[in-house]
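**Q** Below is the file entry_12.cif, which contains mmCIF, C-alpha atoms and all ligand atoms.
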data_start
loop_
_atom_site.label_atom_id
_atom_site.label_comp_id
_atom_site.auth_asym_id
_atom_site.auth_seq_id
_atom_site.Cartn_x
_atom_site.Cartn_y
_atom_site.Cartn_z
CA MET A 26 3.13 3.79 5.13
CA GLY A 27 2.32 0.98 7.50
CA PRO A 28 2.50 -2.78 7.93
CA PRO A 29 0.76 -5.13 5.49
CA GLY A 30 -3.00 -5.08 5.97
CA VAL A 31 -3.14 -2.04 8.23
CA GLY A 32 -5.47 -0.30 5.76
CA LYS A 33 -3.15 1.74 3.52
CA GLY A 34 -5.02 0.89 0.33
CA THR A 35 -8.46 1.39 1.88
CA GLN A 36 -7.52 4.86 3.09
CA ALA A 37 -5.40 5.91 0.09
CA VAL A 38 -8.16 5.15 -2.44
CA GLN A 39 -10.69 7.29 -0.52
CA LEU A 40 -8.22 10.06 0.08
CA ALA A 41 -7.24 10.20 -3.58
CA GLU A 42 -10.91 10.41 -4.59
CA ARG A 43 -11.55 13.21 -2.08
CA SER A 44 -8.46 15.23 -2.96
CA GLY A 45 -8.57 14.75 -6.74
CA VAL A 46 -5.07 13.30 -7.08
CA VAL A 47 -4.02 9.86 -8.27
CA HIS A 48 -3.46 6.86 -6.03
CA VAL A 49 -0.16 5.21 -6.91
CA SER A 50 0.14 1.75 -5.34
CA THR A 51 3.28 -0.19 -6.20
CA GLY A 52 1.58 -3.39 -5.01
CA ASP A 53 -1.34 -2.85 -7.43
CA MET A 54 1.07 -2.05 -10.28
CA LEU A 55 3.04 -5.24 -9.68
CA ARG A 56 -0.09 -7.39 -9.41
CA GLU A 57 -1.37 -5.90 -12.68
CA ALA A 58 1.90 -6.91 -14.36
CA VAL A 59 1.52 -10.46 -12.98
CA GLN A 60 -2.11 -10.65 -14.13
CA ALA A 61 -1.15 -9.40 -17.61
CA GLY A 62 1.58 -12.08 -17.84
CA SER A 63 4.14 -9.45 -18.94
CA GLU A 64 7.87 -10.05 -18.72
CA LEU A 65 7.95 -7.88 -15.60
CA GLY A 66 5.07 -9.87 -14.15
CA GLN A 67 6.90 -13.15 -14.64
CA ARG A 68 10.01 -11.73 -12.98
CA VAL A 69 8.21 -10.42 -9.89
CA ARG A 70 5.55 -13.09 -9.27
CA GLY A 71 7.69 -15.24 -6.97
CA TYR A 72 8.58 -12.27 -4.77
CA ILE A 73 4.98 -11.13 -4.36
CA ASP A 74 3.47 -14.55 -3.70
CA SER A 75 6.06 -15.31 -1.02
CA GLY A 76 5.87 -11.86 0.60
CA ARG A 77 9.44 -10.79 -0.22
CA LEU A 78 10.20 -7.35 -1.59
CA VAL A 79 10.84 -6.94 -5.30
CA PRO A 80 14.43 -5.68 -5.95
CA ASP A 81 14.85 -1.92 -5.52
CA ALA A 82 16.04 -1.29 -9.09
CA VAL A 83 13.00 -3.03 -10.60
CA ILE A 84 10.47 -1.18 -8.49
CA GLY A 85 12.38 2.12 -8.80
CA ASP A 86 12.13 2.11 -12.61
CA LEU A 87 8.44 1.22 -12.43
CA LEU A 88 7.72 4.06 -10.02
CA ALA A 89 9.71 6.66 -11.99
CA GLU A 90 7.78 5.72 -15.15
CA ARG A 91 4.47 6.02 -13.32
CA LEU A 92 5.26 9.47 -11.93
CA ASP A 93 6.06 10.66 -15.45
CA GLN A 94 2.45 10.06 -16.54
CA PRO A 95 0.35 13.21 -17.12
CA ASP A 96 -2.22 12.27 -14.46
CA ALA A 97 0.48 12.55 -11.77
CA GLU A 98 1.20 16.20 -12.58
CA ALA A 99 -1.40 17.47 -10.11
CA GLY A 100 0.05 15.34 -7.30
CA PHE A 101 -0.25 11.77 -6.05
CA ILE A 102 -0.69 9.62 -2.98
CA LEU A 103 2.01 6.98 -2.78
CA ASP A 104 0.91 3.70 -1.20
CA GLY A 105 3.59 1.09 -0.52
CA PHE A 106 6.61 3.10 -1.67
CA PRO A 107 9.27 3.63 -0.43
CA ARG A 108 9.66 0.52 1.72
CA THR A 109 13.43 0.18 1.93
CA VAL A 110 16.05 2.82 2.80
CA PRO A 111 17.55 2.73 -0.76
CA GLN A 112 14.02 3.41 -2.10
CA VAL A 113 13.97 6.68 -0.10
CA ASP A 114 16.82 7.91 -2.31
CA ILE A 115 15.16 6.53 -5.46
CA LEU A 116 12.04 8.54 -4.59
CA ALA A 117 14.00 11.70 -3.82
CA THR A 118 15.70 11.49 -7.24
CA ALA A 119 12.39 10.84 -9.04
CA LEU A 120 10.75 13.80 -7.26
CA ASP A 121 13.67 16.13 -8.05
CA ARG A 122 13.39 15.22 -11.69
CA ILE A 123 9.70 16.16 -11.91
CA GLY A 124 9.95 19.13 -9.54
CA ALA A 125 7.74 17.63 -6.81
CA ARG A 126 8.19 17.33 -3.04
CA ILE A 127 6.82 15.24 -0.17
CA ASP A 128 4.08 17.02 1.80
CA GLY A 129 3.93 14.42 4.54
CA VAL A 130 4.51 10.76 5.37
CA PHE A 131 1.61 9.19 7.25
CA ILE A 132 2.15 5.86 8.97
CA LEU A 133 -0.86 3.78 10.03
CA GLU A 134 -0.37 1.54 13.06
CA ALA A 135 -2.40 -1.39 14.47
CA PRO A 136 -1.69 -4.48 16.63
CA THR A 137 -0.46 -7.63 14.86
CA GLU A 138 -3.56 -9.74 15.74
CA GLU A 139 -5.78 -7.11 14.12
CA ILE A 140 -3.58 -7.08 11.00
CA VAL A 141 -3.72 -10.87 10.67
CA ARG A 142 -7.52 -10.75 11.10
CA ARG A 143 -7.86 -8.08 8.42
CA LEU A 144 -5.63 -9.89 5.92
CA THR A 145 -6.98 -13.41 6.32
CA GLY A 146 -10.52 -12.03 5.78
CA ARG A 147 -9.63 -9.81 2.83
CA ARG A 148 -11.18 -10.52 -0.57
CA VAL A 149 -10.33 -8.45 -3.63
CA CYS A 150 -11.80 -7.91 -7.06
CA PRO A 151 -9.23 -8.85 -9.72
CA ASN A 152 -11.07 -6.66 -12.23
CA CYS A 153 -11.84 -3.28 -10.60
CA LYS A 154 -9.52 -3.77 -7.53
CA ALA A 155 -12.28 -3.12 -4.97
CA VAL A 156 -11.30 -4.43 -1.52
CA TYR A 157 -13.68 -6.26 0.86
CA HIS A 158 -13.50 -8.06 4.18
CA VAL A 159 -15.61 -11.16 4.84
CA GLU A 160 -16.80 -9.74 8.18
CA GLY A 161 -16.00 -6.02 8.24
CA ARG A 162 -16.90 -5.05 4.69
CA PRO A 163 -18.70 -7.96 3.02
CA PRO A 164 -20.03 -7.65 -0.54
CA THR A 165 -23.83 -7.70 -0.88
CA GLU A 166 -23.70 -11.12 -2.55
CA PRO A 167 -20.96 -13.37 -1.07
CA GLY A 168 -17.97 -13.75 -3.41
CA VAL A 169 -19.25 -11.22 -5.96
CA CYS A 170 -17.97 -7.66 -6.48
CA ASP A 171 -20.63 -4.98 -5.81
CA ARG A 172 -19.08 -2.64 -8.35
CA CYS A 173 -18.45 -4.86 -11.39
CA SER A 174 -19.98 -8.29 -10.56
CA SER A 175 -16.65 -10.14 -11.03
CA SER A 176 -15.83 -13.09 -8.75
CA LEU A 177 -13.77 -12.05 -5.74
CA ILE A 178 -10.45 -13.75 -4.95
CA GLN A 179 -8.11 -14.15 -2.01
CA ARG A 180 -4.59 -12.84 -2.67
CA GLU A 181 -1.84 -15.52 -2.80
CA ASP A 182 0.08 -13.63 -0.11
CA ASP A 183 -2.88 -13.48 2.29
CA THR A 184 -2.29 -16.90 3.87
CA GLU A 185 -1.33 -16.84 7.54
CA GLU A 186 2.19 -18.16 6.87
CA VAL A 187 3.01 -15.56 4.20
CA ILE A 188 1.44 -12.81 6.33
CA ARG A 189 3.91 -13.62 9.14
CA ASP A 190 6.79 -13.42 6.63
CA ARG A 191 5.52 -10.09 5.29
CA LEU A 192 5.39 -8.72 8.84
CA THR A 193 9.02 -9.78 9.37
CA VAL A 194 10.06 -8.10 6.10
CA TYR A 195 8.19 -4.98 7.21
CA ARG A 196 9.96 -4.92 10.59
CA ASP A 197 13.43 -5.47 9.12
CA GLU A 198 13.31 -3.47 5.90
CA THR A 199 10.49 -0.92 6.05
CA ARG A 200 10.48 0.32 9.65
CA PRO A 201 13.90 1.98 9.12
CA VAL A 202 12.24 4.08 6.38
CA ALA A 203 9.95 5.58 9.01
CA GLU A 204 13.01 6.60 11.04
CA VAL A 205 14.49 8.38 8.02
CA TYR A 206 11.32 10.42 7.52
CA GLU A 207 10.98 11.04 11.25
CA ASN A 208 14.45 12.58 11.25
CA GLN A 209 13.39 14.77 8.30
CA GLY A 210 10.34 16.00 10.27
CA LEU A 211 7.92 14.49 7.72
CA LEU A 212 6.50 11.52 9.63
CA VAL A 213 3.05 11.60 11.22
CA ARG A 214 1.80 8.54 13.16
CA VAL A 215 -1.90 7.72 12.80
CA ASP A 216 -3.82 5.17 14.88
CA GLY A 217 -5.12 2.60 12.35
CA THR A 218 -7.51 0.82 14.75
CA GLY A 219 -11.28 1.21 14.67
CA SER A 220 -13.56 1.38 11.65
CA PRO A 221 -12.34 2.62 8.24
CA ASP A 222 -14.37 5.81 8.79
CA GLU A 223 -12.76 6.41 12.17
CA VAL A 224 -9.30 5.95 10.65
CA ALA A 225 -10.23 8.25 7.74
CA GLY A 226 -11.28 10.91 10.26
CA ARG A 227 -7.97 10.69 12.11
CA LEU A 228 -5.99 10.69 8.89
CA GLY A 229 -7.91 13.72 7.60
CA SER A 230 -7.20 15.61 10.84
CA ALA A 231 -3.52 14.65 10.69
CA ILE A 232 -3.27 15.93 7.12
CA ALA A 233 -5.11 19.15 7.96
CA ALA A 234 -2.84 19.71 10.98
CA ARG A 235 0.23 19.19 8.82
CA GLU A 236 -1.07 21.55 6.12
CA GLY A 237 -1.80 24.16 8.78
CA GLY A 238 1.53 23.80 10.52
CA ALA A 239 3.86 23.01 7.61
P1 LIG B 301 1.20 -4.28 -1.26
O1 LIG B 301 0.05 -4.53 -2.15
O2 LIG B 301 1.67 -2.88 -1.06
O3 LIG B 301 0.86 -5.02 0.10
P2 LIG B 301 1.05 -4.61 1.62
O4 LIG B 301 1.94 -3.44 1.94
O5 LIG B 301 1.42 -5.88 2.25
O6 LIG B 301 -0.31 -4.01 1.96
P3 LIG B 301 -1.67 -4.65 1.70
O7 LIG B 301 -2.18 -4.29 0.34
O8 LIG B 301 -1.65 -6.11 2.03
O9 LIG B 301 -2.56 -3.98 2.84
P4 LIG B 301 -3.13 -2.53 3.05
O10 LIG B 301 -2.40 -1.86 4.17
O11 LIG B 301 -3.26 -1.76 1.76
O12 LIG B 301 -4.57 -2.92 3.60
P5 LIG B 301 -6.01 -2.87 2.94
O13 LIG B 301 -6.49 -1.47 2.85
O14 LIG B 301 -6.08 -3.72 1.71
O15 LIG B 301 2.47 -5.13 -1.74
C1 LIG B 301 2.37 -6.48 -2.09
C2 LIG B 301 3.73 -7.02 -2.50
O16 LIG B 301 4.23 -6.28 -3.65
C3 LIG B 301 4.85 -6.88 -1.46
O17 LIG B 301 4.84 -7.95 -0.54
C4 LIG B 301 6.09 -6.90 -2.37
O18 LIG B 301 6.40 -8.21 -2.81
C5 LIG B 301 5.64 -6.09 -3.57
N1 LIG B 301 5.92 -4.65 -3.43
C6 LIG B 301 5.00 -3.64 -3.37
N2 LIG B 301 5.62 -2.46 -3.22
C7 LIG B 301 6.95 -2.71 -3.18
C8 LIG B 301 8.10 -1.89 -3.01
N3 LIG B 301 8.00 -0.56 -2.83
N4 LIG B 301 9.32 -2.49 -3.01
C9 LIG B 301 9.44 -3.84 -3.19
N5 LIG B 301 8.39 -4.67 -3.33
C10 LIG B 301 7.15 -4.11 -3.33
O19 LIG B 301 -6.85 -3.58 4.11
C11 LIG B 301 -6.66 -4.94 4.44
C12 LIG B 301 -8.02 -5.58 4.84
O20 LIG B 301 -8.48 -4.95 6.04
C13 LIG B 301 -9.14 -5.37 3.81
O21 LIG B 301 -9.95 -6.52 3.80
C14 LIG B 301 -9.93 -4.17 4.34
O22 LIG B 301 -11.30 -4.22 3.95
C15 LIG B 301 -9.75 -4.34 5.84
N6 LIG B 301 -9.70 -3.06 6.56
C16 LIG B 301 -9.04 -1.93 6.15
N7 LIG B 301 -9.18 -0.97 7.08
C17 LIG B 301 -9.92 -1.52 8.09
C18 LIG B 301 -10.39 -1.03 9.34
N8 LIG B 301 -10.14 0.22 9.74
N9 LIG B 301 -11.10 -1.87 10.13
C19 LIG B 301 -11.37 -3.13 9.73
N10 LIG B 301 -10.97 -3.66 8.56
C20 LIG B 301 -10.24 -2.85 7.74
#
As C-alpha cells - that is how I would like this structure written.

**A**
Amino acid sequence: MGPPGVGKGTQAVQLAERSGVVHVSTGDMLREAVQAGSELGQRVRGYIDSGRLVPDAVIGDLLAERLDQPDAEAGFILDGFPRTVPQVDILATALDRIGARIDGVFILEAPTEEIVRRLTGRRVCPNCKAVYHVEGRPPTEPGVCDRCSSSLIQREDDTEEVIRDRLTVYRDETRPVAEVYENQGLLVRVDGTGSPDEVAGRLGSAIAAREGGA
C-alpha cells in the first residue's frame, strides 16, 4: 500500500522476482485493458486518466479472475489493491475462496513533495512495463527502454493536476484501508524515502521481522 508514486510498483516488482511469486498490480491490469482497447478498457479509461478509482465491482471481478490463474497458486504480491474499505471485504472473500491468507500489509510512506517529484519525472515502457525516472533512474538512451528498446511514455495521470487529485482520493478513500489492517494487526509502516535500494532494504527487514514474529 501507499500513496500514488511512493514506489509500490518499483518495490513490488523486485520483491516478486526475489521471492518467486507473481506481482499482481491492478493499475497495470487496467492499463493493459485500456491499451488493448477491450470493452473493459473503454469503460475504465476515463477513471484512470482523471485519477478517480474504478468502481469496486469492476475491479473486484478483475482481481478475483486474476487470483484464479495457476501462477497465483504459489502466492502473490498485491500492488494497488485493496484501496477502498469495500475492497477489503472483496479481497477477504476472494482469498477464502482460494484458501489463501494475508501474510502482511506493508505501507510505504513519503512526503508529498517527494511524491510529486517522483511522479512528474516518471517515464514508463508501454511494452515491457519497465519504470524509469528522468533524474533518479534514467534510461541509458533518453526516451528509449533499456530492456526492449520501445519508446518511453509519460502516463496520462502523471500531470501535476491529476497527481493532486489522486493524492486527495488516496487520503479520502485509501487511508481508511490502512486503519482496517492496523486494527487486524497486519499493517507494517515502511519509510519510503531514500534510494530504491534503501527502501528495498527496509522493506526486506520489515518482512523478515514479520515472518519471524508472526
Ligand atoms: P496504479 O497504477 O496503482 O497507480 P498508483 O497507486 O497511483 O501508483 P503508481 O503506479 O502511480 O505509483 P507507485 O507507488 O507504483 O510508484 P512507482 O514505483 O511507479 O493505479 C492507477 C489507476 O488505476 C488509479 O488511479 C485508479 O484509477 C485505477 N486503479 C488501480 N487499482 C485500483 C483499485 N484497487 N480500485 C479502483 N481503481 C484502481 O514509482 C514512481 C516513480 O518514482 C518512478 O519514476 C520510480 O522510478 C521513482 N521511484 C520509485 N522509488 C523511488 C525512490 N526510492 N527514490 C526515488 N525515486 C523512486

**Q** Can you list, as a PyMOL selection string, every protein, DNA or RNA residue that comes within 9 Å of Gly161 (chain A) when you count all atoms listed in the file, leaving out same-chain residues fewer than 2 positions away?

**A** chain A and resi 143+146+157-159+163+220

**Q** Between A:Asp182, A:Glu57, A:Glu98, A:Glu204, single out the one closest to ligand LIG 301 (chain B), counting all atoms listed in the file.

**A**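 Nearest to ligand LIG 301 (chain B): A:Asp182.
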
**Q** Name all residues at most 10 Å from region 197-200 of chain A (count only C-alpha atoms; drop same-chain ones fewer than 4 positions away) and give them as an MDAnalysis selection string.

**A** chainID A and resid 26:28 78 105:110 112 191:193 204:205

**Q** For a quick check of understanding, using all atoms listed in the file, which of A:Arg91, A:Arg122, A:Arg142, A:Arg147 has the smallest distance to ligand LIG 301 (chain B)?

**A**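 Going through A:Arg91, A:Arg122, A:Arg142, A:Arg147 one by one, the smallest distance to ligand LIG 301 (chain B) is for A:Arg147.
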
**Q** Write out as JSON, numbers by chain each polymer residue whose atoms come within 12 Å of Ala82 (chain A), counting only C-alpha atoms; drop sequence neighbours fewer than 2 positions from it.

**A** {"A": [78, 79, 80, 84, 85, 86, 87, 88, 89, 109, 111, 112, 114, 115, 116]}

**Q** Let me know the centre plus edge lengths, in Å and rounded to one decimal, of a box with edges along x, y and z that contains all listed atoms of ligand LIG 301 (chain B) and is padded by 3 Å on every side, as lines of an AutoDock Vina configuration file.

**A**
center_x = -1.0
center_y = -4.0
center_z = 3.2
size_x = 26.8
size_y = 14.4
size_z = 19.8

**Q** Mind giving me the straight-line distance from atom C4 of ligand LIG 301 (chain B) to CA of Arg77 (chain A) in Å, one decimal?

**A**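 Calculated distance between atom C4 of ligand LIG 301 (chain B) and CA of Arg77 (chain A) is 5.6 Å.
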
**Q** May I ask which of the residues A:Cys150, A:Ile232, A:Val202, A:Val69 is the closest one to ligand LIG 301 (chain B), counting all atoms listed in the file?

**A**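 For ligand LIG 301 (chain B), the nearest of the candidates is A:Val69.
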
**Q** Pick from A:Asn208, A:Ser175, A:Ser44, A:Thr218: nearest to ligand LIG 301 (chain B), with only C-alpha atoms and all ligand atoms counted?

**A**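 Among the listed residues, the smallest separation from ligand LIG 301 (chain B) belongs to A:Thr218.
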
**Q** So, with all atoms listed in the file as the atoms that count, which of A:Arg162, A:Val113, A:Val169, A:Arg180 lies closest to Gly52 (chain A)?

**A**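 Using all atoms listed in the file, Gly52 (chain A) sits closest to A:Arg180.
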
**Q** Could you please determine the separation between atom N10 of ligand LIG 301 (chain B) and CA of Met54 (chain A) in Å, to one decimal place?

**A**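 Distance between the two atoms: 22.4 Å.
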
**Q** Have a look at CA of Asp216 (chain A) and CA of Ala155 (chain A) and let me know their distance in Å, one decimal.

**A** 23.1 Å

**Q** For Gly45 (chain A), which residue out of A:Ile127, A:Val215, A:Cys153, A:Ile102 is the nearest one, using only C-alpha atoms?

**A**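 Among A:Ile127, A:Val215, A:Cys153, A:Ile102, it is A:Ile102 that comes nearest to Gly45 (chain A).
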
**Q** Excluding Arg56 (chain A) and residues on its chain fewer than 6 positions from it, collect all residues at most 9 Å away from it, counting only C-alpha atoms, and give them as number ranges by chain.

**A** A: 66, 69-70, 73

**Q** Export C-alpha atoms of the chosen residues as a short mmCIF file (atom, residue, chain, number, x, y, z; two decimals), in the coordinates of the input?

**A**
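Listing of selection18.cif after writing:
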data_model
loop_
_atom_site.label_atom_id
_atom_site.label_comp_id
_atom_site.auth_asym_id
_atom_site.auth_seq_id
_atom_site.Cartn_x
_atom_site.Cartn_y
_atom_site.Cartn_z
CA GLY A 66 5.07 -9.87 -14.15
CA VAL A 69 8.21 -10.42 -9.89
CA ARG A 70 5.55 -13.09 -9.27
CA ILE A 73 4.98 -11.13 -4.36
#

**Q** Neighbours of Leu144 (chain A) within 9 Å (only C-alpha atoms; same-chain residues fewer than 2 positions away dropped), as a PDB file with C-alpha atoms, keeping the file's coordinate frame?

**A**
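Saved file selection-v4.pdb follows:
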ATOM      1  CA  PRO A  29       0.760  -5.130   5.490  1.00  0.00           C
ATOM      2  CA  GLY A  30      -3.000  -5.080   5.970  1.00  0.00           C
ATOM      3  CA  VAL A  31      -3.140  -2.040   8.230  1.00  0.00           C
ATOM      4  CA  GLU A 139      -5.780  -7.110  14.120  1.00  0.00           C
ATOM      5  CA  ILE A 140      -3.580  -7.080  11.000  1.00  0.00           C
ATOM      6  CA  VAL A 141      -3.720 -10.870  10.670  1.00  0.00           C
ATOM      7  CA  ARG A 142      -7.520 -10.750  11.100  1.00  0.00           C
ATOM      8  CA  GLY A 146     -10.520 -12.030   5.780  1.00  0.00           C
ATOM      9  CA  ARG A 147      -9.630  -9.810   2.830  1.00  0.00           C
ATOM     10  CA  ARG A 148     -11.180 -10.520  -0.570  1.00  0.00           C
ATOM     11  CA  HIS A 158     -13.500  -8.060   4.180  1.00  0.00           C
ATOM     12  CA  ASP A 183      -2.880 -13.480   2.290  1.00  0.00           C
ATOM     13  CA  THR A 184      -2.290 -16.900   3.870  1.00  0.00           C
ATOM     14  CA  GLU A 185      -1.330 -16.840   7.540  1.00  0.00           C
ATOM     15  CA  ILE A 188       1.440 -12.810   6.330  1.00  0.00           C
TER      16      ILE A 188
END
